[in-house]
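**Student:** Sending over a structure as structure tokens; questions will come in a sec.
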Amino acid sequence: MDTVRQVFNFRRGPTKLPHSVLDTQKELLDYKGVGISVLEMSHRSSDFAKIINNTANLSQELLAIPDNYKVIFVPGGGSSQFSAVPLNLIGLKAGRCAVCVVTRTWSAKATEAKKFGTINIIHPKQKLQIQTVHGVEFDFIPDVKGAVLVCDMSSNLLSQNVGSAGVTVVIVHDDLLVFALRECPLVLEYKVQARNSSLYNTPPYFSLVLEWIKNNGGAMIIVNYHGFYVCPVEPQNRNKMNIPFHIGNAKGDDALEKGFLDKALELNMLPLKGHRSVGDIWASLYNAVTIEYVQKLAAFMKNFSEMHQL
């Protein structure tokens, strides 16, 4: 049997999954002795209902979600929510109005809500956002004076891969399930999905990742090498899972960064090249990234800095 190449995966997303989750090929043929693959199973069956109910229960437990909130699983990935959120919530006010805080990449996409109502766009002086691309996040809950607050937490809560790519976890208060616009497609309507236990349509996911998170948790490390590695984000605004940095100076030394990426590739650390719109170095430390992975990266960064610092 061929030896499996060990790769240290620091990808932003879809990101690393635990080996114990990936090592489920036997269940692709026979899921827990029922005689068929989970991929063949009807989403109306009692066996599949156990899977989806367990996923919802684990979400409630891991995140300590109160009983007066619904946890639903909807298709389309996070991008679908740029329409789903206004379609479900902008009807809270007769004038169909909302405020969108636009900082950088993902929040700019959220202005799609303008299709459904009046959106007042705010550009804060500080470039803050809970998002992956720039490695920053709010370190506080904004005081919205009683208004409904909607937040994209896909890079924070449970850390990206909780199942197949394209599945979105929506956590919504019971009181907010009744404001969908008439033009809201049923597949995007929170009330419809909640009433059908997320089974209005066939959902493409497993709950094994949540089981692993419950049993293992995640890993995080912060490294500082006296200015050789420079994070462009102010300390109080740094995302704890997505870590961008430059090498050599605040704008990055092209030769050093190329050398760093080339050597990382030789060591099977990938992909550490930053987002195309930013152009820095990047490491994502989601839950499935083990202590061993982080220690390997930290040791490599230490050795590289010692070799190249004057």
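For the structure tokens, the naming scheme is as follows: chains receive sequential letters (A, B, ...) according to their order of presentation, residues are indexed from 1 within each chain, and ligands are indexed from 1 in presentation order.
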Need the shell around A:Met307: protein/DNA/RNA residues with any atom at most 12 Å away, counting only C-alpha atoms. Skip same-chain ones fewer than 6 positions apart. Format as a PDB file with all heavy atoms, in the first residue's frame?
**Tutor:**
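Generated output (out_18.pdb):
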ATOM      1  N   PHE A 228      10.548  40.683  12.748  1.00  0.00           N
ATOM      2  CA  PHE A 228      10.841  39.994  11.484  1.00  0.00           C
ATOM      3  C   PHE A 228       9.536  39.601  10.800  1.00  0.00           C
ATOM      4  O   PHE A 228       9.401  39.711   9.581  1.00  0.00           O
ATOM      5  CB  PHE A 228      11.704  38.759  11.744  1.00  0.00           C
ATOM      6  CG  PHE A 228      12.129  38.046  10.489  1.00  0.00           C
ATOM      7  CD1 PHE A 228      13.099  38.592   9.656  1.00  0.00           C
ATOM      8  CD2 PHE A 228      11.570  36.825  10.137  1.00  0.00           C
ATOM      9  CE1 PHE A 228      13.499  37.946   8.493  1.00  0.00           C
ATOM     10  CE2 PHE A 228      11.963  36.164   8.980  1.00  0.00           C
ATOM     11  CZ  PHE A 228      12.929  36.718   8.152  1.00  0.00           C
ATOM     12  N   LEU A 256      12.218  37.652   0.612  1.00  0.00           N
ATOM     13  CA  LEU A 256      12.055  36.859   1.833  1.00  0.00           C
ATOM     14  C   LEU A 256      10.748  36.075   1.807  1.00  0.00           C
ATOM     15  O   LEU A 256      10.712  34.891   2.191  1.00  0.00           O
ATOM     16  CB  LEU A 256      12.093  37.771   3.059  1.00  0.00           C
ATOM     17  CG  LEU A 256      13.459  38.268   3.524  1.00  0.00           C
ATOM     18  CD1 LEU A 256      13.306  39.253   4.675  1.00  0.00           C
ATOM     19  CD2 LEU A 256      14.330  37.089   3.958  1.00  0.00           C
ATOM     20  N   GLY A 259      11.007  33.178  -0.569  1.00  0.00           N
ATOM     21  CA  GLY A 259      11.836  32.136   0.026  1.00  0.00           C
ATOM     22  C   GLY A 259      11.093  31.371   1.120  1.00  0.00           C
ATOM     23  O   GLY A 259      11.211  30.158   1.239  1.00  0.00           O
ATOM     24  N   PHE A 260      10.302  32.092   1.911  1.00  0.00           N
ATOM     25  CA  PHE A 260       9.516  31.486   2.983  1.00  0.00           C
ATOM     26  C   PHE A 260       8.487  30.516   2.403  1.00  0.00           C
ATOM     27  O   PHE A 260       8.350  29.373   2.856  1.00  0.00           O
ATOM     28  CB  PHE A 260       8.826  32.581   3.786  1.00  0.00           C
ATOM     29  CG  PHE A 260       8.000  32.089   4.942  1.00  0.00           C
ATOM     30  CD1 PHE A 260       8.560  31.957   6.202  1.00  0.00           C
ATOM     31  CD2 PHE A 260       6.659  31.778   4.775  1.00  0.00           C
ATOM     32  CE1 PHE A 260       7.802  31.505   7.286  1.00  0.00           C
ATOM     33  CE2 PHE A 260       5.888  31.345   5.834  1.00  0.00           C
ATOM     34  CZ  PHE A 260       6.464  31.202   7.089  1.00  0.00           C
ATOM     35  N   PHE A 300       9.398  26.202  12.192  1.00  0.00           N
ATOM     36  CA  PHE A 300       9.848  26.652  10.867  1.00  0.00           C
ATOM     37  C   PHE A 300      10.025  28.162  10.840  1.00  0.00           C
ATOM     38  O   PHE A 300      11.035  28.676  10.329  1.00  0.00           O
ATOM     39  CB  PHE A 300       8.852  26.200   9.806  1.00  0.00           C
ATOM     40  CG  PHE A 300       9.025  26.875   8.476  1.00  0.00           C
ATOM     41  CD1 PHE A 300      10.251  26.871   7.815  1.00  0.00           C
ATOM     42  CD2 PHE A 300       7.964  27.534   7.874  1.00  0.00           C
ATOM     43  CE1 PHE A 300      10.407  27.505   6.591  1.00  0.00           C
ATOM     44  CE2 PHE A 300       8.099  28.165   6.658  1.00  0.00           C
ATOM     45  CZ  PHE A 300       9.329  28.154   6.014  1.00  0.00           C
ATOM     46  N   MET A 301       9.076  28.904  11.398  1.00  0.00           N
ATOM     47  CA  MET A 301       9.171  30.363  11.430  1.00  0.00           C
ATOM     48  C   MET A 301      10.387  30.808  12.232  1.00  0.00           C
ATOM     49  O   MET A 301      11.099  31.742  11.842  1.00  0.00           O
ATOM     50  CB  MET A 301       7.891  30.958  12.008  1.00  0.00           C
ATOM     51  CG  MET A 301       6.667  30.767  11.123  1.00  0.00           C
ATOM     52  SD  MET A 301       5.124  31.376  11.855  1.00  0.00           S
ATOM     53  CE  MET A 301       5.430  33.153  11.826  1.00  0.00           C
TER      54      MET A 301
END
**Student:** Would you pick out the contacts of A:Ala264 at 12 Å or less, using only C-alpha atoms, so that residues sharing its chain but fewer than 5 positions from it are not included, and give the list as number ranges by chain?
**Tutor:** A: 7-10, 257-259, 269-273, 281-283, 296-301, 303-304
**Student:** Which is closest to A:Ala49 among A:Ile121, A:Leu199, A:Leu176, A:Ala84, if we use only C-alpha atoms?
**Tutor:**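 Residue with the minimum atom-to-atom distance to A:Ala49: A:Leu199.
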**Student:** Determine which residues of stretch 224-281 of chain A DSSP labels as helix (DSSP H, G or I) from the backbone of this structure, then write them out as a list in words.
**Tutor:**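 Taking stretch 224-281 of chain A and keeping helix (DSSP H, G or I) only, one gets Pro235, Gln236, Asn237, Asp254, Ala255, Leu256, Glu257, Lys258, Gly259, Phe260, Leu261, Asp262, Lys263, Ala264, Leu265 and Glu266 of chain A.
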**Student:** I need the chosen residues saved as a short mmCIF file (atom, residue, chain, number, x, y, z; two decimals), in the first residue's frame, with all heavy atoms.
**Tutor:**
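Done, and the output landed in selection23.cif:
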data_model
loop_
_atom_site.label_atom_id
_atom_site.label_comp_id
_atom_site.auth_asym_id
_atom_site.auth_seq_id
_atom_site.Cartn_x
_atom_site.Cartn_y
_atom_site.Cartn_z
N PRO A 235 -3.27 44.66 17.47
CA PRO A 235 -3.46 43.51 18.36
C PRO A 235 -4.89 43.30 18.84
O PRO A 235 -5.38 42.18 18.88
CB PRO A 235 -2.51 43.82 19.52
CG PRO A 235 -1.42 44.64 18.91
CD PRO A 235 -2.12 45.49 17.88
N GLN A 236 -5.59 44.39 19.17
CA GLN A 236 -6.94 44.24 19.71
C GLN A 236 -7.96 43.81 18.67
O GLN A 236 -9.07 43.40 19.00
CB GLN A 236 -7.40 45.54 20.39
CG GLN A 236 -7.67 46.69 19.43
CD GLN A 236 -6.43 47.52 19.11
OE1 GLN A 236 -5.31 47.05 19.34
NE2 GLN A 236 -6.62 48.74 18.63
N ASN A 237 -7.59 43.91 17.39
CA ASN A 237 -8.52 43.58 16.31
C ASN A 237 -8.18 42.29 15.57
O ASN A 237 -8.80 41.97 14.57
CB ASN A 237 -8.56 44.72 15.29
CG ASN A 237 -8.97 46.04 15.90
OD1 ASN A 237 -9.73 46.05 16.86
ND2 ASN A 237 -8.47 47.13 15.35
N ASP A 254 9.74 41.06 -0.79
CA ASP A 254 9.33 40.08 -1.81
C ASP A 254 10.24 38.85 -1.81
O ASP A 254 9.76 37.70 -1.91
CB ASP A 254 9.32 40.72 -3.19
CG ASP A 254 8.20 41.73 -3.36
OD1 ASP A 254 7.25 41.68 -2.55
OD2 ASP A 254 8.26 42.54 -4.30
N ALA A 255 11.55 39.06 -1.73
CA ALA A 255 12.49 37.94 -1.79
C ALA A 255 12.34 37.04 -0.57
O ALA A 255 12.33 35.80 -0.68
CB ALA A 255 13.92 38.46 -1.89
N LEU A 256 12.22 37.65 0.61
CA LEU A 256 12.05 36.86 1.83
C LEU A 256 10.75 36.07 1.81
O LEU A 256 10.71 34.89 2.19
CB LEU A 256 12.09 37.77 3.06
CG LEU A 256 13.46 38.27 3.52
CD1 LEU A 256 13.31 39.25 4.68
CD2 LEU A 256 14.33 37.09 3.96
N GLU A 257 9.68 36.72 1.38
CA GLU A 257 8.39 36.04 1.38
C GLU A 257 8.36 34.90 0.35
O GLU A 257 7.79 33.84 0.61
CB GLU A 257 7.26 37.05 1.13
CG GLU A 257 7.12 38.03 2.30
CD GLU A 257 5.87 38.88 2.22
OE1 GLU A 257 5.19 38.86 1.17
OE2 GLU A 257 5.56 39.56 3.22
N LYS A 258 9.00 35.10 -0.79
CA LYS A 258 9.07 34.01 -1.77
C LYS A 258 9.89 32.85 -1.21
O LYS A 258 9.51 31.68 -1.35
CB LYS A 258 9.69 34.50 -3.08
CG LYS A 258 9.72 33.43 -4.17
CD LYS A 258 10.32 33.95 -5.46
CE LYS A 258 10.23 32.88 -6.57
NZ LYS A 258 10.87 31.61 -6.19
N GLY A 259 11.01 33.18 -0.57
CA GLY A 259 11.84 32.14 0.03
C GLY A 259 11.09 31.37 1.12
O GLY A 259 11.21 30.16 1.24
N PHE A 260 10.30 32.09 1.91
CA PHE A 260 9.52 31.49 2.98
C PHE A 260 8.49 30.52 2.40
O PHE A 260 8.35 29.37 2.86
CB PHE A 260 8.83 32.58 3.79
CG PHE A 260 8.00 32.09 4.94
CD1 PHE A 260 8.56 31.96 6.20
CD2 PHE A 260 6.66 31.78 4.77
CE1 PHE A 260 7.80 31.51 7.29
CE2 PHE A 260 5.89 31.35 5.83
CZ PHE A 260 6.46 31.20 7.09
N LEU A 261 7.78 30.96 1.38
CA LEU A 261 6.74 30.12 0.78
C LEU A 261 7.34 28.91 0.07
O LEU A 261 6.79 27.80 0.15
CB LEU A 261 5.90 30.94 -0.20
CG LEU A 261 5.02 32.04 0.42
CD1 LEU A 261 4.43 32.92 -0.66
CD2 LEU A 261 3.92 31.41 1.27
N ASP A 262 8.46 29.10 -0.60
CA ASP A 262 9.11 27.97 -1.28
C ASP A 262 9.57 26.92 -0.27
O ASP A 262 9.37 25.71 -0.48
CB ASP A 262 10.31 28.46 -2.09
CG ASP A 262 9.90 29.26 -3.33
OD1 ASP A 262 8.71 29.19 -3.71
OD2 ASP A 262 10.77 29.96 -3.90
N LYS A 263 10.18 27.37 0.83
CA LYS A 263 10.65 26.43 1.84
C LYS A 263 9.47 25.74 2.53
O LYS A 263 9.52 24.53 2.83
CB LYS A 263 11.51 27.16 2.87
CG LYS A 263 12.17 26.24 3.90
CD LYS A 263 13.12 25.26 3.21
CE LYS A 263 13.79 24.34 4.22
NZ LYS A 263 14.69 23.35 3.56
N ALA A 264 8.40 26.49 2.79
CA ALA A 264 7.21 25.90 3.41
C ALA A 264 6.64 24.80 2.52
O ALA A 264 6.22 23.74 3.02
CB ALA A 264 6.16 26.98 3.66
N LEU A 265 6.66 25.03 1.21
CA LEU A 265 6.16 24.02 0.28
C LEU A 265 7.02 22.76 0.33
O LEU A 265 6.50 21.64 0.29
CB LEU A 265 6.13 24.59 -1.13
CG LEU A 265 5.40 23.76 -2.20
CD1 LEU A 265 3.94 23.55 -1.81
CD2 LEU A 265 5.50 24.44 -3.56
N GLU A 266 8.34 22.94 0.44
CA GLU A 266 9.24 21.80 0.57
C GLU A 266 8.92 20.97 1.82
O GLU A 266 9.07 19.75 1.84
CB GLU A 266 10.69 22.27 0.64
CG GLU A 266 11.25 22.81 -0.65
CD GLU A 266 12.69 23.26 -0.48
OE1 GLU A 266 13.35 22.78 0.48
OE2 GLU A 266 13.16 24.09 -1.29
#
**Student:** Nearest to A:His43: which of A:Thr290, A:Ser198, A:Glu234, A:Pro66 is it, counting only C-alpha atoms?
**Tutor:** A:Ser198
